[in-house]
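Let me begin by presenting the structure, written as structure tokens, before commenting on it.
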Protein chains: 2
Amino acid sequence: MNGPFIAVDWGSTNRRVYRIENGDAASVGRDGRGILSVRGDDFAREASELRERWDSLPMLCSGMVGSRRGWRETPYVATPASIAALAHDTIWVDRGAVAITPGIRHIAPDRCDVMRGEEVQFFGAVAAGLAPAGRLLCQPGTHSKWARVEGEQIRDFSTAMTGEIYSLLRHHSLLAEMLEGDAVVGSAFHDGVREGSKHKLLSSLFGARAAQLLKIRPAKDGASFISGLLIASDVQPHLGAANEEVTVIGDMPLAPLYAEAIEALGGRAYPIDSAAAFVAGISQIWELLA
Amino acid sequence: MNGPFIAVDWGSTNRRVYRIENGDAASVGRDGRGILSVRGDDFAREASELRERWDSLPMLCSGMVGSRRGWRETPYVATPASIAALAHDTIWVDRGAVAITPGIRHIAPDRCDVMRGEEVQFFGAVAAGLAPAGRLLCQPGTHSKWARVEGEQIRDFSTAMTGEIYSLLRHHSLLAEMLEGDAVVGSAFHDGVREGSKHKLLSSLFGARAAQLLKIRPAKDGASFISGLLIASDVQPHLGAANEEVTVIGDMPLAPLYAEAIEALGGRAYPIDSAAAFVAGISQIWELLA
């Protein structure tokens, strides 16, 4: 496809809207209308409203909007997956007007994984030269994603429930009262990272509670320590080589925390702008769309 | 102290009552009146009712009833802790009538831990000859406990949030719908144990969700797989030597699952009855009480 279009990065909890023309993009909206706050039969209306506001341009959506709980379920492209395959399996909800990209699945003998939305940013980061091909890419979040783009393909990827576990602990666990503040980079975060590298997350979590109970660690440091603990548990299995380079595609507040943990664990972190990566990836899919 | 008494194993969610005389014990009550379901000013009444029912015998309580959220906060005995120290720091709520045992704390340069109640069973297991001195002891639960009794002392111990994390996942997470059934020993449980030995719990959890989404693993196997995954994550850091022997002090349904995971990970499991261990431990404290 050619010409201007509206691109929507439509996730579970957030939605970001861009107007893209000739590779130039303007972010024209960002709100909390993720799929979990949209009723099944309201997606069409939501999309119409967005289009009406932007000259009735055609619209390309990606992310959880293509999941079973979203607007229209799109397939998963199997690994090794290319951006051409993403374009090929994109579903037109309304031909020429509104389309939704597919996700990616990885099935290996001993494990499997799925991804919806982050693949656009991974391909986009490399396509736009924000990250070199072959470098480890990380997108922190409720479900953090790790992948590489090699030979224009994602051959494998991995997801961790890091952010969701943090949220469960914060809202429903014995640790809730020590997680009321915000996590910040500092000595408590680094203590957590060190603890997280010991491969015993379940006991490290209880130890954090005991440290607070025994007044070994101040209550105000709880969020930073637990954040460091969880992020290190997520990061460490990915740092194969010494000085492993990782491009972190993310936003505040998670991206700087991940970057700090990667460096503390012996890697090198290169943060990039997630919006730029998304725009580059979704623009490529748009051009390839039949 | 001499003579018959009532022993209460009073935890967060459950309460077990025994009538003990000359080392002979009868379990005389088991209910859900753990401390979380008793209001602060109702503990005295609860205790009076129990005593009235059993000849107004004196009563010795242990467990979370001695925590800040319980009836009366008792101290933590520092490691290395002996059963004599537990007796020494037991608090009489009503002298000669009702007492509550202390907990244990462990403070090391890099970590700390607390325990309230399980120490009675650990000491009791060894005192009663149910486990040899020096052997690794495990008590599965919401917060699983690991310790050794060596030279009549607990020098170190460790707690993991295994059961609490399982409960959070079951009730509040993205995995909730796949955790509706009960975990049972079988191939899905063993698959989970194998996955749990890979030291990447946060991504293994998401992988379990993906496997269900992609119909690689049947939904009915979810609880067994996740249970195996979490229990192996808990167990493995404790299995130092090959054929490490572990006495599992527990009940259905957790004890057989822990025993199975210990064996699958190369250890040897020896399940024993938790009530027998408790009775032996609390009887020793009673005899030592001034």
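Letters for chains follow the order of the structure tokens (A, B, ...), residue numbers begin at 1 for each chain, and ligand numbers begin at 1 in the order shown.
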List every residue of chain A that has an atom at most 10 Å from any atom of chain B, and for each one report the closest atom pair and its distance in Å to one decimal, counting only C-alpha atoms, with rows sorted by chain and then by increasing residue number, as JSON lines.
```
{"residue": "A:Arg68", "atom": "CA", "partner": "B:Leu213", "partner_atom": "CA", "distance": 9.9}
{"residue": "A:Tyr76", "atom": "CA", "partner": "B:Leu214", "partner_atom": "CA", "distance": 9.5}
{"residue": "A:Arg105", "atom": "CA", "partner": "B:Leu214", "partner_atom": "CA", "distance": 8.4}
{"residue": "A:His106", "atom": "CA", "partner": "B:Ala210", "partner_atom": "CA", "distance": 9.2}
{"residue": "A:Ile107", "atom": "CA", "partner": "B:Ala211", "partner_atom": "CA", "distance": 8.6}
{"residue": "A:Asp110", "atom": "CA", "partner": "B:Glu195", "partner_atom": "CA", "distance": 8.4}
{"residue": "A:Arg111", "atom": "CA", "partner": "B:Gly207", "partner_atom": "CA", "distance": 6.5}
{"residue": "A:Cys112", "atom": "CA", "partner": "B:Gly207", "partner_atom": "CA", "distance": 5.7}
{"residue": "A:Asp113", "atom": "CA", "partner": "B:Ala210", "partner_atom": "CA", "distance": 5.1}
{"residue": "A:Val114", "atom": "CA", "partner": "B:Ala210", "partner_atom": "CA", "distance": 5.9}
{"residue": "A:Met115", "atom": "CA", "partner": "B:Ala210", "partner_atom": "CA", "distance": 9.2}
{"residue": "A:His143", "atom": "CA", "partner": "B:Phe206", "partner_atom": "CA", "distance": 8.0}
{"residue": "A:Ser144", "atom": "CA", "partner": "B:Ser203", "partner_atom": "CA", "distance": 8.8}
{"residue": "A:Lys145", "atom": "CA", "partner": "B:Ser203", "partner_atom": "CA", "distance": 9.4}
{"residue": "A:Ser158", "atom": "CA", "partner": "B:Ser203", "partner_atom": "CA", "distance": 6.9}
{"residue": "A:Thr159", "atom": "CA", "partner": "B:Ser203", "partner_atom": "CA", "distance": 5.4}
{"residue": "A:Ala160", "atom": "CA", "partner": "B:Ser203", "partner_atom": "CA", "distance": 3.8}
{"residue": "A:Met161", "atom": "CA", "partner": "B:Leu202", "partner_atom": "CA", "distance": 5.2}
{"residue": "A:Thr162", "atom": "CA", "partner": "B:Leu202", "partner_atom": "CA", "distance": 6.0}
{"residue": "A:Gly163", "atom": "CA", "partner": "B:Leu202", "partner_atom": "CA", "distance": 9.6}
{"residue": "A:Glu164", "atom": "CA", "partner": "B:Ser173", "partner_atom": "CA", "distance": 7.5}
{"residue": "A:Ile165", "atom": "CA", "partner": "B:Leu202", "partner_atom": "CA", "distance": 8.2}
{"residue": "A:Ser167", "atom": "CA", "partner": "B:Ser173", "partner_atom": "CA", "distance": 9.4}
{"residue": "A:Leu168", "atom": "CA", "partner": "B:Leu168", "partner_atom": "CA", "distance": 6.6}
{"residue": "A:Leu169", "atom": "CA", "partner": "B:Leu168", "partner_atom": "CA", "distance": 8.0}
{"residue": "A:His171", "atom": "CA", "partner": "B:His172", "partner_atom": "CA", "distance": 9.6}
{"residue": "A:His172", "atom": "CA", "partner": "B:Leu168", "partner_atom": "CA", "distance": 7.1}
{"residue": "A:Ser173", "atom": "CA", "partner": "B:Leu168", "partner_atom": "CA", "distance": 7.3}
{"residue": "A:Leu174", "atom": "CA", "partner": "B:Glu164", "partner_atom": "CA", "distance": 8.4}
{"residue": "A:Asp191", "atom": "CA", "partner": "B:Asp110", "partner_atom": "CA", "distance": 9.3}
{"residue": "A:Arg194", "atom": "CA", "partner": "B:Asp110", "partner_atom": "CA", "distance": 9.8}
{"residue": "A:Glu195", "atom": "CA", "partner": "B:Asp110", "partner_atom": "CA", "distance": 8.4}
{"residue": "A:Lys198", "atom": "CA", "partner": "B:Pro237", "partner_atom": "CA", "distance": 9.3}
{"residue": "A:His199", "atom": "CA", "partner": "B:His199", "partner_atom": "CA", "distance": 5.9}
{"residue": "A:Lys200", "atom": "CA", "partner": "B:Pro237", "partner_atom": "CA", "distance": 6.6}
{"residue": "A:Leu201", "atom": "CA", "partner": "B:Ser233", "partner_atom": "CA", "distance": 8.0}
{"residue": "A:Leu202", "atom": "CA", "partner": "B:Ala160", "partner_atom": "CA", "distance": 4.8}
{"residue": "A:Ser203", "atom": "CA", "partner": "B:Ala160", "partner_atom": "CA", "distance": 3.8}
{"residue": "A:Ser204", "atom": "CA", "partner": "B:Ala160", "partner_atom": "CA", "distance": 7.3}
{"residue": "A:Leu205", "atom": "CA", "partner": "B:Met161", "partner_atom": "CA", "distance": 6.7}
{"residue": "A:Phe206", "atom": "CA", "partner": "B:Met161", "partner_atom": "CA", "distance": 5.8}
{"residue": "A:Gly207", "atom": "CA", "partner": "B:Asp113", "partner_atom": "CA", "distance": 5.5}
{"residue": "A:Ala208", "atom": "CA", "partner": "B:Cys112", "partner_atom": "CA", "distance": 8.0}
{"residue": "A:Arg209", "atom": "CA", "partner": "B:Asp113", "partner_atom": "CA", "distance": 8.2}
{"residue": "A:Ala210", "atom": "CA", "partner": "B:Asp113", "partner_atom": "CA", "distance": 5.1}
{"residue": "A:Ala211", "atom": "CA", "partner": "B:Cys112", "partner_atom": "CA", "distance": 5.9}
{"residue": "A:Gln212", "atom": "CA", "partner": "B:Cys112", "partner_atom": "CA", "distance": 9.6}
{"residue": "A:Leu213", "atom": "CA", "partner": "B:Val114", "partner_atom": "CA", "distance": 8.6}
{"residue": "A:Leu214", "atom": "CA", "partner": "B:Cys112", "partner_atom": "CA", "distance": 8.3}
{"residue": "A:Ile216", "atom": "CA", "partner": "B:Cys112", "partner_atom": "CA", "distance": 8.3}
{"residue": "A:Leu230", "atom": "CA", "partner": "B:Leu202", "partner_atom": "CA", "distance": 8.4}
{"residue": "A:Ile231", "atom": "CA", "partner": "B:Leu202", "partner_atom": "CA", "distance": 9.6}
{"residue": "A:Ser233", "atom": "CA", "partner": "B:Lys200", "partner_atom": "CA", "distance": 7.1}
{"residue": "A:Asp234", "atom": "CA", "partner": "B:Leu202", "partner_atom": "CA", "distance": 6.4}
{"residue": "A:Val235", "atom": "CA", "partner": "B:Lys200", "partner_atom": "CA", "distance": 9.5}
{"residue": "A:Gln236", "atom": "CA", "partner": "B:Lys200", "partner_atom": "CA", "distance": 8.7}
{"residue": "A:Pro237", "atom": "CA", "partner": "B:Lys200", "partner_atom": "CA", "distance": 6.6}
{"residue": "A:His238", "atom": "CA", "partner": "B:Lys200", "partner_atom": "CA", "distance": 9.6}
```
- Select from stretch 118-229 of chain B everything DSSP, run on the backbone, classes as helix (DSSP H, G or I), then give the selection as a count of residues only. 59
- Message: So that I can see what lies close to stretch 22-26 of chain B, please list as a count of residues only the residues with an atom at most 12 Å from it, counting only C-alpha atoms and leaving out residues fewer than 5 positions away in the same chain.
- Response: 24
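The nearest approach to B:Gln139 among the residues B:Ile285, B:Ala47, B:Ile83, B:Ala259, with only C-alpha atoms taken into account, belongs to B:Ala259.
Distance check against A:Leu265 using only C-alpha atoms: of A:Gly134, A:Pro253, A:Gly222, A:Gly196, the minimum falls on A:Gly196.
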- From a DSSP calculation on the backbone, collect every residue of stretch 2-149 of chain A in strand (DSSP E) and output the set as an NGL selection string. :A and (5-10 or 15-21 or 24-31 or 59-62 or 76-78 or 81-82 or 91-94 or 98-100 or 103-108 or 111-115 or 136-139 or 144-147)
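Shell of B:Leu239 at 12 Å, with only C-alpha atoms counted and residues fewer than 6 places along the chain excluded, is Arg135, Leu136, Leu137, Cys138, Trp146, Ser197, Ala232, Ser233, Glu245, Val246, Ala261, Ile262, Glu263, Ala264, Leu265, Gly266, Gly267, Arg268 and Ala269 of chain B.
Of the listed residues (A:Glu118, A:Asp89, A:Ala99, A:Asp42), A:Glu118 comes nearest to A:Gly11; the distances count only C-alpha atoms.
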- Residues at most 10 Å from A:Asp251, counting only C-alpha atoms, excluding those fewer than 2 positions away in the same chain, as a PyMOL selection string? chain A and resi 139-141+248-249+253-256+271-275
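Atom pair atom CA of B:Arg155 / atom CA of B:Ser62: separated by 19.9 Å.
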- Query: If you count only C-alpha atoms, which residues fall within 7 Å of B:Gly192, apart from same-chain ones fewer than 6 positions away, as a ChimeraX atom specification?
  - Reply: /B:225-226,228-229
Would you export the selected residues with C-alpha atoms as a JSON list (two decimals), in the first residue's frame, please?
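Okay, again.json is ready:
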```
[["chain", "number", "residue", "atom", "x", "y", "z"],
["B", 225, "PHE", "CA", 2.70, -28.45, 34.99],
["B", 226, "ILE", "CA", 2.80, -25.13, 36.87],
["B", 228, "GLY", "CA", 5.95, -28.98, 38.97],
["B", 229, "LEU", "CA", 7.59, -25.83, 37.63]]
```
- Item | Distance query A:Leu288 at most 8 Å, only C-alpha atoms, self and fewer than 6 positions along chain excluded, as a VMD selection string | chain A and resid 1 84 87 to 88
- Query: How many Å separate atom CA of A:Glu119 from atom CA of A:Glu46?
  - Reply: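 Between atom CA of A:Glu119 and atom CA of A:Glu46 the gap works out to 23.9 Å.
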